[in-house]
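Notes to accompany the following structure.
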Amino acid sequence: MSESPEHVSRHVRGYLIVGAALLIGTVLTVWASYIDLGHQWNIVLALIIASAKASLVALFFMHLISERQMIYLVLGFTAFFFAGLMALTIGAYHDFPPFTVTR
Amino acid sequence: MNTQATQTMPHAAAVAAVEHEDVGFWRKYIFSTDHKVIGIQYAITALVFLLFGFGLIMMMRWQIAHPGQPIPVIGPLLEATLGQVAAKGIMSPDLYNSFGAMHGTIMIFLGVVPLAFAAFGNYVVPLQIGAVDMAFPRVNMASYQAYLIGGIIMFVSFFIPGGAAQAGWTSYSPLATVIPTHGQTFWLIGMVFLITSSLLGAVNFIATIIQLRAPGMTWMRLPFFVWAQFVTAFLLLLAFPPLEAAAIMQLADKLLGTSFFLPTGLAVGGQLANISGGGSPLLWQHLFWFLGHPEVYVLILPAMGIVAEIITNNTRKPIWGYKSLVYSALAIGFLSFIVWAHHMYLTGMGTKIATFFQTTTMIISIPSVIILTCLFLSLWGGSIRFNTQMLFALAFLPMFGIGGLTGLPLGFAASDIHLHDTYYVIAHFHYVVAPGTIFALFAGIYHWFPKLTGRMMNEFWGKVHFWGSLIFMNIVFQPMFAQGMAGMLRRMADGGANYSAAVAPEAIGTLSHWIMQLHTYILWGAVGLALVQIPFIINLFWSLKHGQPVKSDNPWQATTLEWQTPPPPPHGNFDKPITVYRGPYEYSVPGHATDFTPQNEPPRGKAES
Amino acid sequence: MQTLWESIRTIFSRVLGLPVLASENGRGVDDLIIYIHLLMIALFVGWLAYFVYVLWRFRQPRQPRADHFGIRNHASSYIEGVVVVVEGVLLLFVAVPLWAKTVDKLPPEEESTVVQVVAQQFDWNFRYPGKDGKFGRQDMKFVTDLNKFGVDPNDPAGKDDVETQSQMHVVVNKPVLCYVSSKDVIHSFKIIALRVTQDAIPGMRVPVWFKPTKEGVYQIKCAQLCGNGHYSMSRGRLIVESQEAFDKWLASRQPGIAESFE
Amino acid sequence: MDIPYTTQARPDTGVYNAKVGVWLFLASEVMLFGALFSAYILLRVGALPADWPHGLLNIPIGTFNTAVLITSSVTVVMAWASLKMGRFDRFKIFQTITVLCALAFLGIKTFEYRDKFTHYEVWKTDGSRLTGHIEGKPAFLTLDKLKDAKVEKIHFLPDPHHYAEGRLAARKHDVEHKAVEIPVSDIKRLSAFVPAHSTYFAIYFTLTGLHALHVLGGAIVIAYLLGPGSRMWFTEPERFINRVETSGLFWHFVDLVWIFLFPVLYLL
Ligand code: HEA
Ligand code: HEA
Ligand code: CUA
Ligand SMILES: [Cu+2]
C-alpha cells in the first residue's frame with residue numbers, strides 16, 4: 001500500500017489493539033468450550049468467535065478494510081464458491097432417496 | 001472493473017527491449033523466463049503427450065475390435081517393455097484399464113490443458129494485451145517445470161511393476177485405493193505437480209491480464225481470446241485446490257492406512273479390510289467433480305477463444321455480439337462451479353439436490369448456445385476466406401454443436417439412467433474435446449505459426465489434414481452414439497463382447513451383432529485419423545525451415561496486437577510503445593482504406609507518432 | 001392424437017436405436033430421451049442449413065468486401081428464447097417429476113418383490129426375505145467370505161432368508177424393490193431393457209425399483225469400473241417369470257446363509 | 001527489459017503485481033483448506049459418536065500455540081510498519097521474533113505429534129475399548145507388529161476415561177490408574193493415535209500437517225527476507241517493502257487458518 005509514514009505510525013497502535021483482542025478471543029473460546037451449552041450451541045459459539053477473530057486478522061493485519069475493489073471481487077467469488085462447495089456437498093449427504101442407509 | 005480508457009504511464013519496456021541480453025543456451029531455451037519460449041516449451045511437450053495419448057487409444061481400439069488377439073506389430077513391443085501384462089502381445093484387462101485411465105489423464109491434464117491454456121495463453125496473451133512479458137516470469141518458468149516433472153512421473157509410472165494407474169481418470173475410491181499396485185500413487189503425486197503447475201500458471205495469467213494491459217487496452221477492448229483465458233485461469237485457480245486436497249487424502253488412504261474414502265465394513269476379497277473405516281466414497285466423487293466439471297470448460301473456453309479470433313479474422317468483419325460473448329464466458333465460468341454433481345446422479349441422489357443440479361446444468365447450456373449463436377451470426381455478411389485455420393475453426397462449430405447438444409440428455413437425471421456410463425457419454429465428450437477442442441487447437445497452430453516462425457505452413461497439406469481429420473473423426477465417434485444408445489458400457493476391456501448377443505443368446509436387450517460390428521469401422525476410422533496426422537506433423541517440421549516466408553509482420557491482416565510486432569517478436573515483445581485506440585475487431589470499417597484497422601493505429605486526425 | 005404420438009414414438013425409438021423396453025418405469029425415460037432428441041435435431045438441422053447457406057453465400061469470391069455490421073435483427077434472440085423455454089418445460093414438467101417418481105415413489109414392500117443386492121468383485125449376490133417376509137438383522141461385523149450380507153446368525157428372522165448368487169428371480173408385472181449395496185468397490189447395477197441403473201456403493205444401501213412387463217431372461221450389467229474383471233462381470237441374470245414359477249423357485253431354495261453356490 | 005508495476009501500483013487497479021498475485025494465491029488456498037474443512041464436517045457427521053474423540057488434544061498447549069501464532073502475526077505487521085517508517089533496525093527485531101515464534105510453533109507441534117504416536121487405543125475382542133500407554137512408550141506399534149514379534153501380552157497403562165465419554169468427563173473421573181496386562185489374543189485391533197486410527201486423526205493430521213508445512217514455508221520466506229534478501233532495502237526500498245508486505249499477507253493467512261483449526265480440532 002502506498003501510505004505515508006505518518007499514516008502508518010497512526011496504525012501501529014491499532015495493530016497492537018487488534019493483537020490484544022485476538023489473544024482475548026483465544027482465551028474466550030477456550031473458556032466458552034468448558035461451559036456446556038448443548039453440543040450444537042458450543043459449536044456455533046466457537047465458530048462465531050473464530051470468525052470474529054479471522055475478520056480482525058483479515059481486515060486489519062491484511063489491510064482488507066482499505067483494499068481495492070479488484071481484490072474484493074476475487075475474494076467475493078472465492079467465498080461464494082467455497083460456500084457452494086460446502087453447502088452442496090453437505091446438502092447432498094442429507095438428501096438421499098427414502099430408506100437409504102449410509103455407513 | 002474500469003471500462004474507461006485509462007492513461008497509464010508509458011512503458012519503460014519499449015526502451016529496454018532494444019538492449020540485447022546475451023544469456024547463453026541454457027538460460028535462453030531450457031531455464032527461460034521469456035513467455036514466448038515457455039509457451040513453445042509447453043506446446044512441444046503437450047503435443048508429444050497428445051500423440052502419446054493417441055497412441056494409447058489406438059492400441060485400445062484394436063483390442064476392443066479384436067478381444068483376446070495379439071496386437072499386430074506393437075504387441076511384441078508391448079510385451080518386451082511392459083512384460084506379463086502384455087503377455088503374447090495381448091493387452092490384459094489390467095493393461096487395458098491402465099491405458100484407459102492414462103489416456104484420459106494424459107489427454108486432459110498433459111495434453112489439452114497445457115496446449116490450450118498454457119502454451120497458447122503464454123505465447124499469445126501477453127502479445128495481445130501489449131505486455132512485455134508475463135507478470136511473474138520466474139513463476140512462469142516454475143509452472144512449466146512442475147508440469148514437466150508431473151508429466152515425467154506419469155510417464156514413468158507405465159514402467160513400474162504393476163504399471164500405471166488403473167482406476168480411470170476419475171480414480172474413484174475405494175477401487176483406486178484397493179488396487180495393490182503403485183500406479184495410483186504415482187498418479188496422485190503426478191497430479192499434485194500438475195495441479196501446482198496449473199495454479200502457478202493461473203495466478204500468473206490473471207495478474208498479467210489485470211496489471212499489464214497496454215495503455216488504452218480497456219476490459220472491453222480485450223480480444224475475446226484473452227477473456228476466454230482469463231475465465232479459464234479462474235477456473236483452474238479455484239477448482240483445482242479441492243482436487244489437490246482430495247489427492248492428498250487419497251494418498252494418505254493409500255500410504256498411511258487412513259480411511260477418508262473407505263467406509264466401515266469394507267470387505268475386499270473375503271475378509272474385512274484392516275482399516276478404521278468411517279470414510280465416504282462419495283466424498284471423493286464430490287471433490288473430484290468439483291474440479292472435473294470446471295475442468296471441461298477449461299478445455300473448451302480457450303478453444304472458443306481461438307475459434308472466435310480466427311473466424312473474425314477470416315470473415316473480415318467484427319465478431320457479432322462481442323459483449324454477449326464476454327458475458328457468456330463469464331457466466332459459464334461462474335456456473336461451472338455449481339453443476340458438478342450431474343456426474344453423480346446415479347449414486348443415489350434425492351430429488352432436491354438432483355433438481356438443483358439439473359437446473360444449473362440446463363442453465364449453463366444457455367451461455368454455450370449464445371456463444372455458438374454469436375459465432376454463427378458472425379458469418380453473415382462476411383467475406384469468408386477458406387484457409388486451413390478457418391476450415392478447422394468452422395468445423396469446430398457443428399462438431400461442438402453435436403457434443404454440446406448431446407450433453408442435454410445427460411443433463412437430465414432421468415434420461416441419464418439409460419445413458420450413464422455408456423458410450424453415449426464417451427461420444428458426447430469426445431465430440432467436444434476431439435473434433436471440438438483439438439480442431440480449435442489445430443486451427444490455432446496454423447494461425448499463429450507464422451507469428452512464431454516467420455514462415456507459413458503449407459496450405460495444401462493443411463487441407464488434406466483438415467478434410468481427413470473431419471471425416472475420420474466422425475467415423476470414429478458417430479457410431480459410438482448408436483453403441484451407447486444400445487447400451488454398450490464404457491471401460492470394457494473386451495469392447496462389450498461379454499454383453500453381446502453372441503455370448504448370452506438367451507438374454508433380452510443384449511448388444512446385437514450389428515452394434516458389435518461397429519467396432520471394426522471405428523478401428524479403421526482411428527487408423528485413418530492417425531494416418532492423416534502424418535502430413536500435419538511433417539508440415540509442421542518442414543515449414544519451420546522451408547515454409548514460405550511471410551511478406552509482412554501481419555500476414556493475415558489482423559487487427560489484434562500480436563501482429564503489430566515482427567515474427568518472432570523480440571525479447572520484450574514490441575519495438576515501439578504500444579497504445580490502444582479501439583476495440584479488437586475493427587474489420588471492414590466503412591470509409592477506411594483497408595479492410596482492417598489495427599487496435600494501435602492512431603485515429604485519423606491524430607498525428608502519426 | 002394418442003396413436004399419432006404412439007407412432008412417432010415408435011419411429012423415434014427405432015431411429016435413435018433405443019433397445020427393447022420391458023418395464024413400465026422405463027417408458028418415461030424413453031419419452032424424455034425422445035423429447036430432448038427432437039429438440040436437438042431441430043436445432044442441429046436448422047443451424048446446419050443456415051451454416052451451409054452462409055458459407056456458400058458469403059464466400060470471398062462472391063462477397064469481396066465484408067459488411068461491417070452483419071445481421072441487425074434479433075431473430076437469434078427468439079431462437080435462444082425458444083431453447084430456454086423448451087429446456088425449462090422439459091426440466092420442470094418432465095425431468096424433475098420423473099426423477100421424483102423414480103427415487104421417492106417407492107412401491108410399498110408388501111406389494112413388491114423385495115430383494116437385497118450386494119455387488120462384489122466380480123459378481124452379484126441377492127437375498128430374499130423368505131416365507132416370513134422379513135430380512136434378518138445385518139451388521140457389517142458379521143461379514144465373512146460366505147456371509148456377504150453380514151447377516152446376524154442369531155436373529156431368527158434371518159433363518160428362512162434365501163441367498164443366491166448371479167441369479168435374480170422376480171415376478172412379472174409386480175413392482176420390484178431392490179436395496180443395492182456393495183461389499184468392496186463401487187459397482188453399478190444396470191439392466192438395459194428395464195432402464196434401471198443404480199450405483200452399488202460400499203457403505204451405502206440405496207433403494208431402486210422397477211416394474212418388469214415382459215417375462216424372460218435379462219443380463220445384469222455392471223456399469224461402473226470395478227477392477228480388472230469389470231468387463232467380465234456379466235454372469236448376473238434377471239429372470240422375470242410368473243408368480244407360480246417364482247414361488248416354486250423360491251421354495252426350492254435352501255434357506256439360510258448360502259453355504260456354497262452352484 | 002522491466003516488467004511494469006512491480007514496485008508502483010498500477011493507477012487504475014491501485015495495486016502492484018505481487019499483491020494481485022499473492023491474493024490470487026490465497027484465494028486458491030481458501031479453496032484448498034475449504035475442501036479439507038468440508039471433508040472434516042462430512043467425516044464428523046458420518047462418524048458414530050463413540051468413534052469421534054473429544055479432549056484428546058492438549059488444550060493448554062494448543063492455546064499457548066495459538067497465542068504464539070497471534071504474536072507472530074502482530075510482529076509481522078509491525079515489521080512492515082517499521083519499514084514504512086524507515087526503521088530498518090526495528091524491522092529486524094520484529095521479524096526475528098516472528099521467525100522465533102514460527103520455530104516455537106513447529107517445535108511444540110512436533111512435541112504434540114510425538115505424544116500422539118505413543119498413545120494407544122486397544123479394541124478388545126469382547127467389544128470393550130481402552131486408551132492409554134504401553135509400557136516402554138513405543139511408537140507406531142500395531143497388532144501385526146506384535147504378532148510378528150511373537151509378543152504374548154502387553155502391559156497397558158489405561159487413561160482414566162475413554163474419549164467416547166467426552167471431554168468434560170475428564171473432570172468427573174479422578175481415580176489413579178494402574179497398569180493392566182492384556183493378552184495379545186484378546187486384542188482385535190491396536191492403534192496408536194496415528195492417521196490410521198480413525199477418521200478424526202486422519203483429518204487432524206492432514207489439516208495440521210498441511211498447516212505446519214505452510215508455517216514452515218512462510219518462515220523460510222520471512223527468514224530469507226530478514227537475512228540475505230534484506231539487502232534489497234538499500235537498493236530498492238519500495239520493492240523490498242512490497243515483498244515484506246506480501247510475505248506478511250501469506251503469514252496472516254496461515255494464522256487465520258489456525259484460528260479456525262484450533263477450536264475445530266481441540267475444543268469441539
Ligand atoms: C470440453 C468438454 C465438455 C463440454 C464443453 C461439456 C459440455 C456439457 N456437458 Fe459434458 N462431459 C465432458 C466434457 C464436456 N462436457 C466429459 C469429459 C464428460 C465425462 C467425464 C467422465 O465421466 O469421464 C462429460 C459428461 C457429462 C455428463 C455426465 C454423464 C454421465 O456420466 O452420465 C453430463 C450430464 O449432465 C454432461 C452434460 C454436459 C452439458 C449439459 C454440457 C453443456 O455445457 C453443453 C452446452 C452446449 C450446447 C447446448 C450446444 C449448443 C449449440 C447449438 C445450439 C448449435 C448447434 C448447431 C450446429 C450443430 C450447427 N456431460
Ligand atoms: C482432451 C481429452 C481427450 C481427447 C482429445 C481424446 C481423444 C480421443 N479419444 Fe478419448 N478419452 C478421454 C479424453 C480424451 N480423448 C477421457 C477423459 C476418457 C475417459 C477415460 C476413462 O475412462 O477414465 C477417454 C476415453 C476414451 C475411450 C473409451 C475407453 C473406454 O471407456 O474403455 C475411447 C474409445 O474409443 C477414446 C477414444 C479417443 C480417440 C479415438 C481420440 C482421438 O480423437 C484422438 C485424436 C488425437 C489426435 C488427433 C492427436 C493429434 C496430435 C498430434 C497429431 C500431435 C502432433 C505431435 C507433434 C507435432 C509432436 N477415448
Ligand atoms: Cu462391477 Cu464393474
Ligand atoms: Cu460436467
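All residue names refer to the C-alpha cells as shown: chains lettered A, B, ... in order, residues numbered from 1 in each chain, ligands numbered from 1 in order.
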field: Contacts of ligand 4, 10 Å or closer, only C-alpha atoms and all ligand atoms, given as a list in words
entry: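 Sorted by chain and then by number, the residues are Trp289, Phe290, Leu291, Gly292, His293, Pro294, Glu295, Val296, Tyr297, Ser336, Phe337, Ile338, Val339, Trp340, Ala341, His342, His343, Met344, Thr361, Gly407, Leu410, Gly411 and Phe429 of chain B.
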Please save N, CA, C and O atoms of the selected residues as a CSV table (one decimal), in the first residue's frame.
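File written: again_14.csv
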```csv
chain,number,residue,atom,x,y,z
B,289,TRP,N,-15.3,-34.2,-8.8
B,289,TRP,CA,-16.1,-33.5,-9.9
B,289,TRP,C,-16.2,-32.0,-9.6
B,289,TRP,O,-16.6,-31.2,-10.5
B,290,PHE,N,-15.9,-31.6,-8.4
B,290,PHE,CA,-15.9,-30.1,-8.2
B,290,PHE,C,-14.8,-29.5,-9.1
B,290,PHE,O,-14.9,-28.4,-9.6
B,291,LEU,N,-13.7,-30.3,-9.2
B,291,LEU,CA,-12.8,-29.9,-10.3
B,291,LEU,C,-13.2,-30.3,-11.6
B,291,LEU,O,-13.2,-29.6,-12.6
B,292,GLY,N,-13.7,-31.6,-11.7
B,292,GLY,CA,-13.9,-32.2,-13.0
B,292,GLY,C,-14.8,-31.4,-13.9
B,292,GLY,O,-14.5,-31.3,-15.1
B,293,HIS,N,-15.9,-30.9,-13.4
B,293,HIS,CA,-16.7,-30.2,-14.3
B,293,HIS,C,-16.1,-28.8,-14.7
B,293,HIS,O,-16.0,-28.6,-15.9
B,294,PRO,N,-15.6,-28.0,-13.8
B,294,PRO,CA,-15.0,-26.8,-14.4
B,294,PRO,C,-13.9,-27.1,-15.3
B,294,PRO,O,-13.6,-26.4,-16.3
B,295,GLU,N,-13.2,-28.3,-15.1
B,295,GLU,CA,-12.1,-28.7,-16.0
B,295,GLU,C,-12.6,-28.8,-17.4
B,295,GLU,O,-11.8,-28.4,-18.3
B,296,VAL,N,-13.8,-29.3,-17.7
B,296,VAL,CA,-14.2,-29.5,-19.0
B,296,VAL,C,-14.4,-28.1,-19.7
B,296,VAL,O,-14.2,-28.0,-20.9
B,297,TYR,N,-14.7,-27.1,-18.9
B,297,TYR,CA,-14.8,-25.8,-19.5
B,297,TYR,C,-13.4,-25.2,-19.7
B,297,TYR,O,-13.2,-24.3,-20.6
B,336,SER,N,-20.1,-22.9,-13.8
B,336,SER,CA,-19.5,-24.3,-13.9
B,336,SER,C,-19.1,-24.8,-12.5
B,336,SER,O,-18.8,-26.0,-12.4
B,337,PHE,N,-19.1,-23.9,-11.5
B,337,PHE,CA,-18.8,-24.4,-10.2
B,337,PHE,C,-19.9,-25.0,-9.4
B,337,PHE,O,-19.8,-25.6,-8.4
B,338,ILE,N,-21.1,-24.9,-10.0
B,338,ILE,CA,-22.3,-25.4,-9.3
B,338,ILE,C,-23.1,-26.4,-10.1
B,338,ILE,O,-24.3,-26.5,-9.9
B,339,VAL,N,-22.4,-27.1,-11.0
B,339,VAL,CA,-23.2,-28.2,-11.7
B,339,VAL,C,-22.6,-29.5,-11.5
B,339,VAL,O,-23.0,-30.5,-12.1
B,340,TRP,N,-21.5,-29.6,-10.7
B,340,TRP,CA,-20.7,-30.8,-10.8
B,340,TRP,C,-21.4,-32.1,-10.6
B,340,TRP,O,-21.0,-33.2,-11.2
B,341,ALA,N,-22.4,-32.1,-9.7
B,341,ALA,CA,-23.0,-33.4,-9.3
B,341,ALA,C,-23.8,-34.0,-10.5
B,341,ALA,O,-24.4,-35.1,-10.3
B,342,HIS,N,-23.9,-33.4,-11.7
B,342,HIS,CA,-24.6,-34.1,-12.7
B,342,HIS,C,-23.8,-35.3,-13.2
B,342,HIS,O,-24.3,-36.1,-14.0
B,343,HIS,N,-22.6,-35.5,-12.7
B,343,HIS,CA,-21.9,-36.7,-13.0
B,343,HIS,C,-22.2,-37.8,-12.0
B,343,HIS,O,-21.7,-38.9,-12.1
B,344,MET,N,-23.0,-37.4,-11.0
B,344,MET,CA,-23.3,-38.4,-9.9
B,344,MET,C,-24.7,-38.7,-9.6
B,344,MET,O,-25.1,-39.1,-8.6
B,361,THR,N,-27.5,-27.3,-14.6
B,361,THR,CA,-26.9,-27.9,-15.8
B,361,THR,C,-27.7,-27.3,-17.1
B,361,THR,O,-27.0,-27.0,-18.1
B,407,GLY,N,-25.0,-33.3,-24.7
B,407,GLY,CA,-24.9,-33.1,-23.2
B,407,GLY,C,-26.2,-33.0,-22.6
B,407,GLY,O,-26.4,-33.3,-21.4
B,410,LEU,N,-27.9,-36.0,-21.1
B,410,LEU,CA,-27.1,-36.5,-20.0
B,410,LEU,C,-27.4,-35.6,-18.8
B,410,LEU,O,-27.3,-36.0,-17.6
B,411,GLY,N,-27.8,-34.4,-19.1
B,411,GLY,CA,-28.0,-33.4,-18.0
B,411,GLY,C,-29.3,-33.6,-17.2
B,411,GLY,O,-29.4,-33.1,-16.1
B,429,PHE,N,-18.6,-36.5,-25.0
B,429,PHE,CA,-17.5,-35.6,-24.6
B,429,PHE,C,-16.4,-35.6,-25.6
B,429,PHE,O,-15.6,-34.6,-25.8
```
Identify, counting only C-alpha atoms and all ligand atoms, the protein, DNA and RNA residues located within 7 Å of ligand 2, and give them as a short mmCIF file (atom, residue, chain, number, x, y, z; two decimals) with N, CA and C atoms, in the first residue's frame.
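Dumped to part_29.cif:
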```
data_model
loop_
_atom_site.label_atom_id
_atom_site.label_comp_id
_atom_site.auth_asym_id
_atom_site.auth_seq_id
_atom_site.Cartn_x
_atom_site.Cartn_y
_atom_site.Cartn_z
N ILE B 44 5.41 -27.89 -27.31
CA ILE B 44 6.09 -29.10 -27.79
C ILE B 44 5.79 -30.26 -26.86
N LEU B 47 2.19 -31.42 -27.25
CA LEU B 47 1.93 -32.14 -28.50
C LEU B 47 2.46 -33.56 -28.41
N VAL B 48 3.64 -33.70 -27.82
CA VAL B 48 4.19 -35.05 -27.67
C VAL B 48 3.25 -35.91 -26.82
N LEU B 50 0.02 -35.46 -26.45
CA LEU B 50 -1.19 -35.73 -27.22
C LEU B 50 -0.99 -36.93 -28.12
N LEU B 51 0.18 -36.95 -28.76
CA LEU B 51 0.48 -38.05 -29.66
C LEU B 51 0.55 -39.35 -28.87
N PHE B 54 -2.85 -40.49 -27.92
CA PHE B 54 -3.47 -41.04 -29.12
C PHE B 54 -2.98 -42.46 -29.34
N ILE B 57 -4.74 -44.94 -27.14
CA ILE B 57 -6.11 -45.27 -27.51
C ILE B 57 -6.13 -46.09 -28.80
N MET B 58 -5.14 -45.91 -29.66
CA MET B 58 -5.08 -46.75 -30.86
C MET B 58 -4.95 -48.22 -30.48
N ARG B 61 -8.24 -49.38 -29.07
CA ARG B 61 -9.27 -49.59 -30.09
C ARG B 61 -9.04 -50.90 -30.82
N GLY B 100 -6.54 -46.95 -20.40
CA GLY B 100 -7.74 -46.10 -20.43
C GLY B 100 -7.62 -44.93 -19.46
N ALA B 101 -7.22 -45.27 -18.23
CA ALA B 101 -7.07 -44.20 -17.23
C ALA B 101 -6.04 -43.19 -17.69
N HIS B 103 -4.96 -42.63 -20.79
CA HIS B 103 -5.41 -41.87 -21.96
C HIS B 103 -6.19 -40.63 -21.52
N GLY B 104 -7.15 -40.85 -20.62
CA GLY B 104 -7.94 -39.72 -20.14
C GLY B 104 -7.07 -38.69 -19.45
N THR B 105 -6.22 -39.16 -18.54
CA THR B 105 -5.38 -38.25 -17.77
C THR B 105 -4.44 -37.48 -18.68
N MET B 107 -4.53 -36.98 -22.00
CA MET B 107 -5.18 -36.09 -22.94
C MET B 107 -5.61 -34.79 -22.25
N ILE B 108 -6.19 -34.93 -21.07
CA ILE B 108 -6.73 -33.74 -20.42
C ILE B 108 -5.63 -32.94 -19.72
N GLY B 111 -2.12 -32.96 -22.09
CA GLY B 111 -2.21 -32.59 -23.50
C GLY B 111 -2.96 -31.29 -23.70
N VAL B 112 -4.27 -31.37 -23.52
CA VAL B 112 -5.08 -30.23 -23.93
C VAL B 112 -4.91 -29.02 -23.01
N GLY B 168 -9.33 -45.49 -13.88
CA GLY B 168 -9.99 -44.44 -14.65
C GLY B 168 -9.41 -43.08 -14.31
N TRP B 169 -9.64 -42.12 -15.19
CA TRP B 169 -9.09 -40.79 -14.89
C TRP B 169 -9.81 -40.20 -13.69
N THR B 170 -10.99 -40.77 -13.37
CA THR B 170 -11.76 -40.28 -12.24
C THR B 170 -11.30 -40.87 -10.92
N LEU B 299 -11.19 -26.94 -20.88
CA LEU B 299 -10.84 -27.50 -22.19
C LEU B 299 -11.51 -26.74 -23.32
N ILE B 426 -19.18 -41.23 -23.79
CA ILE B 426 -17.88 -41.14 -24.46
C ILE B 426 -18.01 -40.31 -25.74
N HIS B 430 -16.24 -36.70 -26.38
CA HIS B 430 -15.21 -36.64 -27.43
C HIS B 430 -15.60 -35.67 -28.52
N VAL B 433 -14.31 -32.51 -27.09
CA VAL B 433 -12.87 -32.34 -26.93
C VAL B 433 -12.06 -32.70 -28.16
N ALA B 434 -12.50 -33.67 -28.96
CA ALA B 434 -11.65 -34.07 -30.09
C ALA B 434 -11.94 -33.24 -31.34
N PRO B 435 -13.07 -33.48 -32.04
CA PRO B 435 -13.30 -32.59 -33.17
C PRO B 435 -13.64 -31.17 -32.71
N ILE B 438 -9.67 -30.13 -30.10
CA ILE B 438 -8.45 -30.44 -30.86
C ILE B 438 -8.47 -29.69 -32.20
N MET B 473 -12.64 -38.36 -37.87
CA MET B 473 -13.16 -38.11 -36.53
C MET B 473 -14.62 -38.56 -36.46
N VAL B 476 -15.03 -42.21 -36.41
CA VAL B 476 -14.68 -42.79 -35.11
C VAL B 476 -15.81 -42.57 -34.09
N ARG B 490 -18.93 -48.23 -21.13
CA ARG B 490 -17.56 -47.80 -21.31
C ARG B 490 -16.62 -48.63 -20.45
N ARG B 491 -15.34 -48.46 -20.67
CA ARG B 491 -14.29 -49.12 -19.88
C ARG B 491 -14.39 -50.64 -19.90
N MET B 492 -14.78 -51.17 -21.08
CA MET B 492 -14.89 -52.61 -21.23
C MET B 492 -13.65 -53.12 -21.97
N ALA B 493 -12.86 -53.93 -21.29
CA ALA B 493 -11.62 -54.39 -21.89
C ALA B 493 -11.88 -55.26 -23.12
N ALA B 526 -10.08 -44.83 -36.79
CA ALA B 526 -8.98 -44.35 -35.95
C ALA B 526 -7.65 -44.48 -36.69
N LEU B 529 -7.52 -41.73 -39.04
CA LEU B 529 -7.24 -40.50 -38.31
C LEU B 529 -5.76 -40.37 -38.02
N ALA B 530 -5.16 -41.49 -37.65
CA ALA B 530 -3.72 -41.46 -37.37
C ALA B 530 -2.95 -41.12 -38.64
N GLN B 533 -2.75 -37.55 -39.66
CA GLN B 533 -1.93 -36.66 -38.82
C GLN B 533 -0.50 -36.57 -39.34
N PHE B 536 0.34 -33.53 -41.21
CA PHE B 536 0.40 -32.40 -40.28
C PHE B 536 1.77 -32.33 -39.61
N ILE B 537 2.21 -33.46 -39.08
CA ILE B 537 3.48 -33.45 -38.36
C ILE B 537 4.61 -33.07 -39.31
N LEU B 540 4.47 -29.43 -40.16
CA LEU B 540 4.92 -28.60 -39.05
C LEU B 540 6.44 -28.45 -39.07
#
```
query: For chain D, which residues have at least one atom within 7 Å of chain A, if we go by only C-alpha atoms? Write them as a ChimeraX atom specification, please.
result: /D:13-14,27,31,34,38,42,67,70,74,77-78,81,84-85,249,252,256,259-260,263,267-268
message: I need the contact residues of chain C against chain B, so if you could list those with any atom within 7 Å, counting only C-alpha atoms, and return them as an MDAnalysis selection string, that would help.
response: chainID C and resid 17:20 29 32:33 36 40 54 58:60 63:68 70:71 87 95:96 98:100 103 140:141 144:145 183:185 192:193 195:199 202:203 206 217:219 223 225:228 231:232 234
- request: Using DSSP on the backbone coordinates, identify the residues of chain A assigned to alpha helix (DSSP H); present them as an NGL selection string.
  value: :A and (5-34 or 39-56 or 69-93)
query: So which residues are near ligand 3, meaning at most 8 Å away with only C-alpha atoms and all ligand atoms counted, given back as a PyMOL selection string?
result: chain C and resi 119-123+185-188+221-227+229-231+233
message: When you look at range 244-258 of chain C with a cut-off of 6 Å (counting only C-alpha atoms), what residues show up, excluding the ones that are within fewer than 3 positions of it in the same chain? I need them as a PyMOL selection string.
response: chain C and resi 159-163
field: Residues near Thr208 in chain D, cut-off 10 Å, only C-alpha atoms, skip fewer than 2 positions along chain, as a count of residues only
entry: 16
task: Fewer than 6 positions away in the same chain doesn't count, so skip those; otherwise give me all residues within 12 Å of Tyr120 in chain D, counting only C-alpha atoms, as JSON, numbers by chain.
output: {"D": [56, 129, 130, 131, 132, 133, 134, 135, 137, 138, 139, 140, 141, 142, 143, 154, 155, 156, 157, 158, 159, 162, 163, 189, 190, 191, 192, 193, 194, 196, 197, 198]}
- request: Give me, please, the distance in Å between CA of Leu28 in chain A and CA of Leu106 in chain D, quoted to one decimal.
  value: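 These two atoms are separated by 23.8 Å.
For Pro76 in chain B, the list of residues within 10 Å, based on only C-alpha atoms and with local chain neighbours fewer than 6 positions off taken out, reads Pro70, Leu82, Gly83, Ala86, Ala87, Lys88, Gly89 and Ile90 of chain B.
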Can I get the selected residues back with all heavy atoms, as a compact mmCIF listing (two decimals), in the first residue's frame?
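File written: again15.txt
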```txt
# COMPACT_ATOMS: atom_id res chain seq x y z
N PRO B 70 -3.60 -60.98 -30.23
CA PRO B 70 -2.43 -60.11 -30.07
C PRO B 70 -2.48 -58.91 -31.00
O PRO B 70 -2.99 -59.00 -32.12
CB PRO B 70 -1.25 -61.03 -30.42
CG PRO B 70 -1.85 -62.19 -31.14
CD PRO B 70 -3.26 -62.32 -30.70
N LEU B 82 6.71 -53.98 -21.25
CA LEU B 82 5.87 -53.99 -20.05
C LEU B 82 5.77 -55.36 -19.40
O LEU B 82 5.31 -55.47 -18.28
CB LEU B 82 4.47 -53.47 -20.40
CG LEU B 82 4.43 -52.06 -20.98
CD1 LEU B 82 3.01 -51.68 -21.34
CD2 LEU B 82 5.01 -51.06 -20.01
N GLY B 83 6.16 -56.38 -20.14
CA GLY B 83 6.19 -57.71 -19.54
C GLY B 83 4.85 -58.40 -19.49
O GLY B 83 4.02 -58.26 -20.40
N ALA B 86 1.29 -57.70 -20.86
CA ALA B 86 1.02 -57.75 -22.29
C ALA B 86 1.50 -59.08 -22.85
O ALA B 86 2.01 -59.16 -23.96
CB ALA B 86 1.70 -56.59 -23.01
N ALA B 87 1.30 -60.14 -22.09
CA ALA B 87 1.80 -61.45 -22.49
C ALA B 87 1.29 -61.81 -23.87
O ALA B 87 0.12 -61.58 -24.18
CB ALA B 87 1.38 -62.49 -21.46
N LYS B 88 2.14 -62.34 -24.67
CA LYS B 88 1.84 -62.76 -26.06
C LYS B 88 1.35 -61.59 -26.91
O LYS B 88 0.68 -61.77 -27.91
CB LYS B 88 0.76 -63.85 -26.07
CG LYS B 88 1.18 -65.12 -25.34
CD LYS B 88 0.35 -66.30 -25.84
CE LYS B 88 0.49 -67.50 -24.94
NZ LYS B 88 -0.58 -67.53 -23.89
N GLY B 89 1.63 -60.38 -26.46
CA GLY B 89 1.20 -59.24 -27.26
C GLY B 89 -0.28 -58.93 -27.12
O GLY B 89 -0.82 -58.10 -27.84
N ILE B 90 -0.94 -59.60 -26.17
CA ILE B 90 -2.36 -59.31 -25.93
C ILE B 90 -2.44 -58.39 -24.71
O ILE B 90 -1.76 -58.59 -23.71
CB ILE B 90 -3.13 -60.61 -25.62
CG1 ILE B 90 -2.93 -61.61 -26.75
CG2 ILE B 90 -4.61 -60.31 -25.42
CD1 ILE B 90 -3.41 -62.99 -26.40
```
